[in-house]
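Structure below is upload-v4.cif: mmCIF, C-alpha atoms and all ligand atoms.
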```
data_data
#
loop_
_atom_site.label_atom_id
_atom_site.label_comp_id
_atom_site.auth_asym_id
_atom_site.auth_seq_id
_atom_site.Cartn_x
_atom_site.Cartn_y
_atom_site.Cartn_z
CA MET F 20 0.00 0.00 0.00
CA ALA F 21 1.20 3.52 -0.75
CA ILE F 22 2.48 5.52 2.19
CA ARG F 23 0.84 8.94 2.73
CA ILE F 24 3.37 11.58 3.72
CA TYR F 25 2.34 15.11 4.74
CA SER F 26 5.15 17.63 4.22
CA VAL F 27 4.67 20.74 6.32
CA ILE F 28 6.27 23.92 5.00
CA GLY F 29 5.61 27.62 5.52
CA ALA F 30 8.68 29.82 5.11
CA ARG F 31 10.80 30.79 2.09
CA PRO F 32 13.76 28.41 2.59
CA GLN F 33 11.35 25.50 3.08
CA PHE F 34 9.86 26.00 -0.38
CA VAL F 35 13.33 25.64 -1.90
CA LYS F 36 14.09 22.51 0.12
CA ALA F 37 10.67 20.94 -0.52
CA ALA F 38 10.97 21.57 -4.26
CA VAL F 39 13.72 18.98 -4.66
CA VAL F 40 12.30 16.51 -2.17
CA SER F 41 8.79 16.61 -3.68
CA ARG F 42 10.25 15.90 -7.11
CA ALA F 43 12.15 12.93 -5.74
CA LEU F 44 9.14 11.58 -3.84
CA ALA F 45 6.95 11.89 -6.96
CA ARG F 46 9.16 9.28 -8.67
CA HIS F 47 8.10 6.64 -6.14
CA THR F 48 4.73 5.15 -7.05
CA ASN F 49 4.30 3.81 -3.52
CA VAL F 50 4.45 7.30 -1.99
CA VAL F 51 1.67 9.89 -1.95
CA GLU F 52 2.95 13.27 -0.75
CA ARG F 53 0.69 16.14 0.28
CA LEU F 54 2.11 19.61 0.87
CA VAL F 55 0.68 21.49 3.81
CA HIS F 56 1.50 25.24 3.73
CA THR F 57 1.11 26.81 7.15
CA GLY F 58 0.91 30.30 5.64
CA GLN F 59 3.79 31.56 7.82
CA HIS F 60 5.08 33.42 4.74
CA TYR F 61 2.31 34.77 2.53
CA ASP F 62 3.46 37.74 0.43
CA PRO F 63 3.54 36.53 -3.20
CA ILE F 64 7.29 37.31 -3.42
CA MET F 65 7.93 35.29 -0.21
CA SER F 66 5.76 32.31 -1.17
CA ASP F 67 3.87 31.98 -4.50
CA ILE F 68 6.87 32.80 -6.67
CA PHE F 69 8.74 29.76 -5.31
CA PHE F 70 5.84 27.43 -6.13
CA THR F 71 5.71 28.80 -9.67
CA GLU F 72 9.44 28.90 -10.37
CA LEU F 73 10.34 25.58 -8.75
CA GLY F 74 7.33 23.66 -10.07
CA LEU F 75 6.08 22.78 -6.59
CA PRO F 76 2.59 21.27 -6.65
CA ALA F 77 -0.07 23.59 -5.20
CA PRO F 78 -0.46 22.92 -1.50
CA HIS F 79 -3.08 20.35 -0.55
CA VAL F 80 -4.09 22.92 2.07
CA ASN F 81 -2.91 26.39 3.11
CA LEU F 82 -3.65 26.96 6.77
CA GLY F 83 -3.31 30.75 6.35
CA ILE F 84 -1.73 31.24 9.78
CA GLY F 85 0.23 34.41 8.92
CA SER F 86 2.46 36.42 11.25
CA GLY F 87 2.41 36.91 15.00
CA PRO F 88 4.39 36.51 18.20
CA HIS F 89 5.98 33.06 18.57
CA GLY F 90 3.40 31.65 20.99
CA ALA F 91 0.39 32.89 19.06
CA GLN F 92 1.77 31.89 15.67
CA THR F 93 2.90 28.44 16.79
CA GLY F 94 -0.30 27.92 18.79
CA ARG F 95 -2.51 28.66 15.80
CA MET F 96 -0.44 26.23 13.73
CA LEU F 97 -0.77 23.49 16.37
CA GLU F 98 -4.54 23.82 16.43
CA ALA F 99 -4.94 23.83 12.66
CA LEU F 100 -2.46 20.98 12.08
CA GLU F 101 -4.08 18.86 14.78
CA SER F 102 -7.51 19.15 13.14
CA LEU F 103 -6.01 18.33 9.76
CA PHE F 104 -4.02 15.31 10.94
CA ILE F 105 -6.93 13.92 12.96
CA ALA F 106 -9.23 14.24 9.94
CA GLU F 107 -6.81 12.93 7.30
CA LYS F 108 -4.57 10.55 9.27
CA PRO F 109 -1.24 10.86 7.44
CA ASP F 110 1.12 7.89 7.79
CA ARG F 111 4.12 10.16 8.36
CA VAL F 112 4.88 13.86 8.63
CA LEU F 113 7.94 15.39 6.98
CA ILE F 114 9.45 18.60 8.36
CA TYR F 115 12.19 20.94 7.15
CA GLY F 116 14.74 23.12 8.92
CA ASP F 117 14.02 25.15 12.02
CA THR F 118 11.10 27.55 11.67
CA ASN F 119 7.99 27.81 13.79
CA SER F 120 6.22 25.75 11.11
CA THR F 121 8.79 22.98 11.73
CA LEU F 122 8.23 23.10 15.48
CA ALA F 123 4.43 23.09 15.22
CA ALA F 124 4.38 20.13 12.83
CA ALA F 125 6.82 18.15 14.99
CA LEU F 126 4.80 18.71 18.16
CA THR F 127 1.44 18.02 16.56
CA ALA F 128 2.56 14.82 14.88
CA ALA F 129 4.40 13.52 17.94
CA LYS F 130 1.40 14.12 20.22
CA LEU F 131 -0.86 12.25 17.80
CA GLY F 132 1.59 9.36 17.56
CA ILE F 133 2.36 10.01 13.90
CA PRO F 134 6.04 9.39 13.04
CA VAL F 135 7.79 12.60 12.02
CA ASP F 136 10.96 12.81 9.93
CA HIS F 137 13.27 15.84 9.95
CA ILE F 138 15.20 17.16 6.96
CA GLU F 139 18.23 19.28 7.92
CA ALA F 140 18.51 17.58 11.32
CA GLY F 141 21.42 18.07 13.70
CA LEU F 142 22.20 21.73 13.02
CA ARG F 143 23.25 23.58 16.15
CA SER F 144 24.41 27.12 16.92
CA PHE F 145 24.51 26.41 20.69
CA ASN F 146 22.80 29.78 21.11
CA ARG F 147 19.41 29.29 22.76
CA ALA F 148 18.62 33.01 22.31
CA MET F 149 17.84 32.11 18.68
CA PRO F 150 14.27 30.90 18.14
CA GLU F 151 15.59 28.58 15.44
CA GLU F 152 17.86 26.75 17.93
CA ILE F 153 14.91 25.94 20.18
CA ASN F 154 12.90 24.76 17.18
CA ARG F 155 15.73 22.49 15.99
CA VAL F 156 16.41 20.89 19.33
CA VAL F 157 12.73 20.06 19.85
CA ALA F 158 12.23 18.89 16.27
CA ASP F 159 15.22 16.55 16.47
CA ALA F 160 14.18 15.17 19.86
CA LEU F 161 10.73 14.30 18.52
CA SER F 162 11.74 12.94 15.11
CA ASP F 163 11.91 9.34 14.05
CA MET F 164 14.24 9.63 11.07
CA LEU F 165 16.81 12.41 11.21
CA PHE F 166 18.16 13.38 7.79
CA ALA F 167 21.46 15.13 8.53
CA PRO F 168 23.16 17.26 5.86
CA THR F 169 26.75 17.13 7.15
CA ASP F 170 29.15 15.10 9.28
CA THR F 171 29.06 17.90 11.85
CA ALA F 172 25.28 17.54 12.15
CA VAL F 173 25.64 13.77 12.60
CA GLY F 174 28.15 14.43 15.39
CA HIS F 175 25.73 16.73 17.23
CA LEU F 176 22.92 14.19 17.07
CA ARG F 177 25.16 11.40 18.36
CA HIS F 178 26.37 13.66 21.14
CA GLU F 179 22.75 14.19 22.17
CA GLY F 180 22.27 10.44 22.45
CA ILE F 181 20.22 9.85 19.31
CA PRO F 182 20.89 6.28 18.16
CA ASP F 183 22.72 5.79 14.86
CA SER F 184 19.78 3.76 13.55
CA ARG F 185 17.73 6.97 13.35
CA ILE F 186 20.42 9.20 11.82
CA HIS F 187 20.77 9.30 8.03
CA ARG F 188 23.66 11.33 6.59
CA VAL F 189 22.09 12.15 3.24
CA GLY F 190 23.69 15.49 2.27
CA ASP F 191 22.12 18.90 1.88
CA VAL F 192 18.94 19.35 -0.16
CA MET F 193 19.87 23.01 -0.77
CA TYR F 194 22.94 21.81 -2.63
CA ASP F 195 20.65 19.63 -4.75
CA ALA F 196 18.48 22.69 -5.44
CA THR F 197 21.42 24.82 -6.55
CA GLN F 198 22.60 22.00 -8.81
CA LEU F 199 19.14 21.39 -10.24
CA PHE F 200 18.09 24.99 -10.81
CA GLY F 201 21.49 26.68 -11.26
CA SER F 202 21.10 26.87 -15.03
CA ARG F 203 17.88 28.87 -14.54
CA ALA F 204 19.77 31.70 -12.80
CA ASP F 205 18.63 34.75 -14.69
CA ALA F 206 21.61 36.99 -15.48
CA ALA F 207 19.18 39.76 -16.46
CA ALA F 208 18.49 40.20 -12.73
CA VAL F 209 22.04 41.52 -12.33
CA THR F 210 22.02 43.94 -15.28
CA ARG F 211 18.47 45.12 -14.50
CA LEU F 212 19.79 46.39 -11.18
CA GLY F 213 22.63 48.23 -12.95
CA LEU F 214 25.24 45.85 -11.51
CA THR F 215 28.34 44.43 -13.19
CA PRO F 216 29.27 40.82 -12.44
CA LYS F 217 31.99 40.32 -9.84
CA THR F 218 32.07 43.97 -8.80
CA TYR F 219 29.30 44.11 -6.19
CA VAL F 220 28.39 42.83 -2.74
CA LEU F 221 25.09 40.99 -2.26
CA ALA F 222 23.73 41.36 1.27
CA THR F 223 20.76 39.83 3.08
CA ILE F 224 19.67 40.46 6.69
CA HIS F 225 16.64 38.93 8.40
CA ARG F 226 17.63 37.15 11.65
CA ALA F 227 15.62 38.36 14.63
CA GLU F 228 18.85 38.83 16.60
CA ASN F 229 19.95 41.43 14.00
CA THR F 230 16.65 43.05 13.01
CA ASP F 231 15.12 43.33 16.46
CA ASP F 232 18.17 44.88 18.12
CA PRO F 233 18.32 48.54 16.97
CA ASP F 234 22.05 48.84 17.72
CA ARG F 235 22.89 45.79 15.65
CA LEU F 236 20.67 46.83 12.78
CA ARG F 237 22.18 50.33 12.76
CA THR F 238 25.67 48.81 12.84
CA LEU F 239 24.88 46.59 9.87
CA PHE F 240 23.44 49.42 7.77
CA ASN F 241 26.40 51.61 8.72
CA ALA F 242 28.82 48.82 7.71
CA LEU F 243 27.11 48.32 4.34
CA GLN F 244 27.24 52.08 3.69
CA ARG F 245 30.99 52.03 4.32
CA VAL F 246 31.38 49.11 1.91
CA ALA F 247 29.25 50.93 -0.69
CA ALA F 248 31.87 53.68 -0.84
CA GLU F 249 34.23 51.05 -2.37
CA LEU F 250 31.96 48.43 -4.02
CA PRO F 251 28.25 48.66 -4.91
CA VAL F 252 25.99 46.85 -2.42
CA ILE F 253 22.61 45.29 -3.26
CA LEU F 254 20.29 44.39 -0.38
CA PRO F 255 17.02 42.57 -1.17
CA LEU F 256 15.01 43.44 1.92
CA HIS F 257 13.12 40.79 3.87
CA PRO F 258 9.79 42.31 5.01
CA ARG F 259 10.81 42.02 8.65
CA THR F 260 14.00 44.00 7.98
CA ARG F 261 12.17 46.63 5.93
CA GLN F 262 9.77 47.28 8.81
CA ARG F 263 12.45 47.55 11.48
CA ALA F 264 14.87 49.57 9.35
CA SER F 265 12.14 51.93 8.24
CA THR F 266 11.09 52.58 11.86
CA LEU F 267 14.69 53.47 12.71
CA GLY F 268 14.97 55.77 9.66
CA LEU F 269 17.74 53.62 8.19
CA LEU F 270 16.23 53.55 4.70
CA ASP F 271 16.48 57.33 4.25
CA ARG F 272 19.43 59.00 2.56
CA LEU F 273 21.36 55.94 1.46
CA PRO F 274 24.49 56.58 -0.63
CA ASP F 275 24.35 55.98 -4.40
CA GLY F 276 26.24 52.71 -4.27
CA PHE F 277 23.81 51.16 -1.78
CA LYS F 278 20.75 49.75 -3.56
CA LEU F 279 17.68 48.25 -1.92
CA THR F 280 15.15 45.99 -3.62
CA GLU F 281 12.16 43.96 -2.57
CA PRO F 282 12.95 40.28 -1.94
CA VAL F 283 13.71 38.57 -5.25
CA GLY F 284 12.58 35.24 -6.68
CA TYR F 285 14.84 32.19 -6.47
CA PHE F 286 16.16 32.35 -10.04
CA ASP F 287 17.07 36.03 -9.68
CA MET F 288 18.66 35.25 -6.32
CA LEU F 289 20.78 32.48 -7.83
CA ALA F 290 22.06 34.94 -10.44
CA LEU F 291 22.74 37.70 -7.89
CA GLU F 292 24.65 35.17 -5.77
CA ARG F 293 26.62 33.63 -8.63
CA ASP F 294 27.76 37.00 -9.98
CA ALA F 295 28.55 38.63 -6.61
CA ARG F 296 32.11 39.45 -5.63
CA VAL F 297 31.22 38.82 -1.99
CA ILE F 298 28.04 37.82 -0.15
CA ALA F 299 27.36 39.28 3.31
CA THR F 300 24.44 37.59 5.04
CA ASP F 301 22.89 36.30 8.24
CA SER F 302 20.88 33.68 6.30
CA GLY F 303 21.64 30.00 6.72
CA GLY F 304 20.71 29.10 3.16
CA VAL F 305 22.50 32.01 1.54
CA GLN F 306 25.78 31.19 3.36
CA LYS F 307 25.74 27.77 1.74
CA GLU F 308 24.65 29.01 -1.66
CA ALA F 309 27.63 31.42 -1.64
CA PHE F 310 29.90 28.38 -1.24
CA PHE F 311 28.07 26.39 -3.92
CA HIS F 312 28.69 29.30 -6.32
CA HIS F 313 32.36 29.63 -5.23
CA VAL F 314 31.69 33.13 -3.88
CA PRO F 315 33.33 34.20 -0.59
CA CYS F 316 30.91 34.97 2.23
CA VAL F 317 30.89 37.05 5.39
CA THR F 318 28.36 35.87 7.98
CA LEU F 319 26.85 38.77 9.91
CA ARG F 320 26.56 36.81 13.15
CA THR F 321 28.61 35.71 16.15
CA GLU F 322 28.35 32.05 15.20
CA THR F 323 27.21 29.79 12.39
CA GLU F 324 25.74 26.31 12.25
CA TRP F 325 27.56 25.74 8.95
CA VAL F 326 31.03 25.53 10.46
CA GLU F 327 32.51 23.70 7.44
CA LEU F 328 32.22 26.95 5.50
CA VAL F 329 34.40 28.81 7.98
CA ASP F 330 36.86 25.91 8.28
CA SER F 331 37.38 25.85 4.52
CA GLY F 332 38.13 29.61 4.41
CA TRP F 333 35.15 30.48 2.17
CA ASN F 334 33.26 32.08 5.03
CA ARG F 335 34.25 34.30 7.94
CA LEU F 336 32.20 35.51 10.87
CA ALA F 337 31.69 39.25 11.37
CA PRO F 338 29.66 39.87 14.54
CA PRO F 339 27.55 43.01 14.07
CA ASP F 340 29.13 44.88 17.00
CA ASN F 341 31.29 47.39 15.18
CA ALA F 342 30.54 48.84 11.72
CA ALA F 343 34.17 49.47 10.78
CA ASP F 344 35.14 45.87 11.59
CA VAL F 345 32.22 44.43 9.62
CA ALA F 346 33.05 46.63 6.62
CA THR F 347 36.72 45.62 6.83
CA ALA F 348 35.76 41.92 6.87
CA ILE F 349 33.57 42.32 3.77
CA LEU F 350 36.23 44.26 1.84
CA ALA F 351 38.90 41.74 2.87
CA ALA F 352 36.73 38.92 1.49
CA ALA F 353 36.54 40.85 -1.81
CA SER F 354 40.31 40.53 -2.24
CA LEU F 355 40.68 36.89 -1.16
CA ASN F 356 42.74 34.70 -3.47
CA LEU F 357 40.00 32.19 -4.27
CA ALA F 358 42.30 29.96 -6.32
CA ALA F 359 44.16 29.13 -3.12
CA LEU F 360 41.04 27.81 -1.37
CA ALA F 361 40.08 24.14 -1.48
CA HIS F 362 36.37 23.45 -2.09
CA PRO F 363 35.50 20.34 -0.05
CA ASP F 364 32.32 18.40 -0.85
CA SER F 365 30.92 18.72 2.68
CA TYR F 366 27.30 18.88 1.52
CA GLY F 367 26.83 15.53 -0.16
CA ASP F 368 26.61 14.30 -3.73
CA GLY F 369 23.80 16.56 -4.99
CA HIS F 370 21.27 13.74 -4.57
CA ALA F 371 20.24 14.21 -0.94
CA ALA F 372 16.57 14.45 -1.94
CA GLU F 373 16.71 11.09 -3.77
CA HIS F 374 18.37 9.45 -0.75
CA ILE F 375 15.61 10.80 1.51
CA ALA F 376 12.86 9.73 -0.90
CA SER F 377 14.25 6.20 -1.24
CA ARG F 378 14.45 5.83 2.52
CA LEU F 379 10.85 6.99 2.96
CA ALA F 380 9.58 4.86 0.09
CA SER F 381 11.22 1.79 1.64
CA LEU F 382 8.73 2.14 4.52
CA ALA F 383 5.72 1.52 2.27
CA SER F 384 4.33 -1.97 2.75
C1 LIG R 1 11.28 32.92 9.58
C2 LIG R 1 11.97 31.88 10.45
C3 LIG R 1 13.47 31.93 10.22
C4 LIG R 1 13.79 31.81 8.74
C5 LIG R 1 13.03 32.85 7.95
C6 LIG R 1 13.25 32.64 6.47
C7 LIG R 1 10.87 31.41 12.61
C8 LIG R 1 10.92 31.65 14.06
N1 LIG R 1 11.73 32.13 11.87
O1 LIG R 1 11.71 34.19 10.03
O2 LIG R 1 14.08 30.85 10.91
O3 LIG R 1 15.18 32.00 8.57
O4 LIG R 1 11.62 32.71 8.22
O5 LIG R 1 12.98 33.79 5.74
O6 LIG R 1 10.11 30.60 12.14
N2 LIG R 1 6.31 39.17 6.96
C9 LIG R 1 5.65 39.76 5.89
N3 LIG R 1 5.27 38.97 4.85
C10 LIG R 1 5.49 37.63 4.80
C11 LIG R 1 6.15 37.04 5.89
C12 LIG R 1 6.55 37.82 6.96
O7 LIG R 1 5.42 40.97 5.89
O8 LIG R 1 5.12 36.97 3.81
C13 LIG R 1 6.74 40.03 8.07
C14 LIG R 1 5.72 40.12 9.20
O9 LIG R 1 5.74 41.41 9.70
C15 LIG R 1 6.28 39.18 10.23
C16 LIG R 1 7.78 39.27 10.03
O10 LIG R 1 7.94 39.47 8.62
O11 LIG R 1 5.90 39.53 11.54
C17 LIG R 1 8.52 38.02 10.45
O12 LIG R 1 7.97 36.86 9.81
P1 LIG R 1 8.11 35.41 10.51
O13 LIG R 1 7.63 34.37 9.58
O14 LIG R 1 7.51 35.44 11.87
O15 LIG R 1 9.64 35.26 10.75
P2 LIG R 1 10.86 35.48 9.73
O16 LIG R 1 11.66 36.61 10.23
O17 LIG R 1 10.37 35.51 8.33
N1 LIG R 2 16.15 33.84 -1.28
C1 LIG R 2 15.46 34.29 -2.39
N2 LIG R 2 15.23 35.64 -2.51
C2 LIG R 2 15.67 36.54 -1.58
C3 LIG R 2 16.39 36.05 -0.46
C4 LIG R 2 16.60 34.69 -0.33
O1 LIG R 2 15.06 33.52 -3.26
O2 LIG R 2 15.41 37.75 -1.75
C5 LIG R 2 16.37 32.38 -1.16
C6 LIG R 2 17.83 32.00 -1.03
O3 LIG R 2 18.43 31.86 -2.30
C7 LIG R 2 17.73 30.69 -0.26
C8 LIG R 2 16.55 30.90 0.65
O4 LIG R 2 15.78 31.95 0.06
O5 LIG R 2 17.47 29.61 -1.13
C9 LIG R 2 17.04 31.30 2.00
O6 LIG R 2 15.99 31.80 2.76
P1 LIG R 2 16.20 32.80 3.98
O7 LIG R 2 17.47 33.53 3.86
O8 LIG R 2 14.95 33.60 4.06
O9 LIG R 2 16.17 31.82 5.24
P2 LIG R 2 17.26 30.93 6.01
O10 LIG R 2 17.97 30.09 5.02
O11 LIG R 2 18.15 31.86 6.77
O12 LIG R 2 16.43 30.15 6.97
#
```
Target format structure tokens, applied to this file:
Amino acid sequence: MAIRIYSVIGARPQFVKAAVVSRALARHTNVVERLVHTGQHYDPIMSDIFFTELGLPAPHVNLGIGSGPHGAQTGRMLEALESLFIAEKPDRVLIYGDTNSTLAAALTAAKLGIPVDHIEAGLRSFNRAMPEEINRVVADALSDMLFAPTDTAVGHLRHEGIPDSRIHRVGDVMYDATQLFGSRADAAAVTRLGLTPKTYVLATIHRAENTDDPDRLRTLFNALQRVAAELPVILPLHPRTRQRASTLGLLDRLPDGFKLTEPVGYFDMLALERDARVIATDSGGVQKEAFFHHVPCVTLRTETEWVELVDSGWNRLAPPDNAADVATAILAAASLNLAALAHPDSYGDGHAAEHIASRLASLAS
């Protein structure tokens, strides 16, 4: 009998990850996958565009939860997911990454006795001030199969006492996505913004620890303005960052070399990343994509879960404490000798999604 798997997604990076996994699952005739969109992200440029570009099937259901404080948002998800799972009785629930949608799906499934499997398991920042760290720890503790992207992630799970039988080192589905969709990167996105390949810095900022701390956000904007005096900077603004920066007056009077845009679609983002001289970001996904495109990266945080990137020299941490130091780190990355850097294959063979799908399909009776 076919196994019925409900994949719960809701935020931008989860659409990218699910795109490759859904494709791989669709090749197994003994698997029926249904996508459940929590509605955590809902602006067309944060959600619909990924379904269209990446050929994701329309969600079986969109719970329309929207934004809110953590408790309210997660609580509304729990209630809606519980009703859905009770009514439709999925065989398994598949979760991705570390958002509130991940946490809600893990808790709901576990309480109903439905096995839950976690893609991107074992990531740790060891910083419990991050909402994502809490979500990951809970999701991993409740999951049956833990699909780990890296050896480091496997090590963390073992250290937490999770038995090897539940840990599957499959590689990183975001690497698969970059491989699969890389040729769709639309170079016009770069020229449309008046940028010249390999002469600009691509920046993204959206972590709560950066956007919700006015000093840190000011420091980051100040740092990017300093960089813009030397190299053009393009910053596609996450809606959270736009709101906070606008309240602080940071979007007024930016220098000529510092361009803001709305968030961009995935194909435009791949092109902006590929053609950047340096990427400066607090995003988990974008740090890795920089590496996949052989572009040096500066992580605008005090720590990263993706430690292999720092170890290999492609990434360096620049804590947003001092604007001059952050700007110096970004400009230093722009003059790195990339030919001298090894490019280890820490993120798998580009077929993580197929490995996950085969493992899930093997559970069908
Ligand atoms: C969430 C995840 C984060 C992930 C990020 C990916 C949690 C706790 N955080 O952060 O781990 O890295 O997604 O982008 O789950 N908003 C809009 N339109 C939208 C979505 C959000 O305007 O379509 C605004 C709302 O004002 C909202 C704010 O952005 O309050 C934050 O959205 P939310 O989904 O709560 O968290 P993210 O910062 O997006
Ligand atoms: N992304 C995008 N457009 C943007 C910013 C990001 O398509 O304007 C993509 C990016 O290429 C990556 C994913 O969104 O695949 C990362 O999502 P985000 O940075 O929001 O979340 P994180 O990875 O930090 O959880």
Tell me, in Å to one decimal, how far atom CA of Thr318 of chain F is from atom C17 of ligand LIG 1 (chain R).
20.1 Å
At a cut-off of 6 Å around ligand LIG 2 (chain R), and using only C-alpha atoms and all ligand atoms, what residues come up? Please write them as a ChimeraX atom specification.
/F:31-32,35,255,282-285,288,302-305
As a quick test: using all atoms listed in the file, which residues lie no more than 9 Å away from ligand LIG 1 (chain R)? Give them as a ChimeraX atom specification.
/F:29-33,58-66,85-89,92-93,116-122,149-152,154,225-227,230,257-262,301-304
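The space between atom CA of Ala290 of chain F and atom CA of Pro338 of chain F spans 26.6 Å.
Distances from F:Arg320, F:Arg143, F:His187, F:Arg245 to Arg378 of chain F were compared using all atoms listed in the file, and the smallest one belongs to F:His187.
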Neighbour list for segment 356-364 of chain F as a PyMOL selection string, cut-off 10 Å, only C-alpha atoms, skip fewer than 6 positions in-chain
chain F and resi 169+190+310-311+313-315+327-328+331-333
Could you pull the residues within 7 Å of Leu82 of chain F, counting all atoms listed in the file, minus those fewer than 5 positions along the same chain, as a PyMOL selection string?
chain F and resi 56-58+99
Selected residue of minimal separation from Pro168 of chain F among F:Asn341, F:Thr347, F:Thr218, F:Ser365, counting all atoms listed in the file:
F:Ser365
Counting all atoms listed in the file, what is within 12 Å of Asp234 of chain F, bar same-chain residues fewer than 2 positions away, as a PyMOL selection string?
chain F and resi 228-232+236-241+263-264+267+269+339-342
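Put simply, atom CA of Leu165 of chain F is 16.7 Å away from atom CA of Asp110 of chain F.
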Using only C-alpha atoms - which residues lie no farther than 9 Å from the point (27.0, 49.2, -7.7) in the file's frame? Write them as a compact mmCIF listing (two decimals) with C-alpha atoms, in the coordinates of the input.
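Writing done, so here's result.txt:
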```txt
# COMPACT_ATOMS: atom_id res chain seq x y z
CA LEU F 212 19.79 46.39 -11.18
CA GLY F 213 22.63 48.23 -12.95
CA LEU F 214 25.24 45.85 -11.51
CA THR F 215 28.34 44.43 -13.19
CA THR F 218 32.07 43.97 -8.80
CA TYR F 219 29.30 44.11 -6.19
CA VAL F 220 28.39 42.83 -2.74
CA ALA F 247 29.25 50.93 -0.69
CA LEU F 250 31.96 48.43 -4.02
CA PRO F 251 28.25 48.66 -4.91
CA VAL F 252 25.99 46.85 -2.42
CA ILE F 253 22.61 45.29 -3.26
CA ASP F 275 24.35 55.98 -4.40
CA GLY F 276 26.24 52.71 -4.27
CA PHE F 277 23.81 51.16 -1.78
CA LYS F 278 20.75 49.75 -3.56
```
Can you pull out the residues contacting Val156 of chain F? Cut-off 10 Å, using all atoms listed in the file, and skip same-chain residues under 6 positions away; I want them as a list in words.
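With the cut-off at 10 Å, the set is Asp117, Leu122, Ala140, Gly141, Leu142, Arg143, Phe145, Arg147, Leu176 and Glu179 of chain F.
Counting only C-alpha atoms and comparing F:Ala222, F:Val39, F:Ala124, F:Leu355, the residue that lies closest to Val55 of chain F is F:Ala124.
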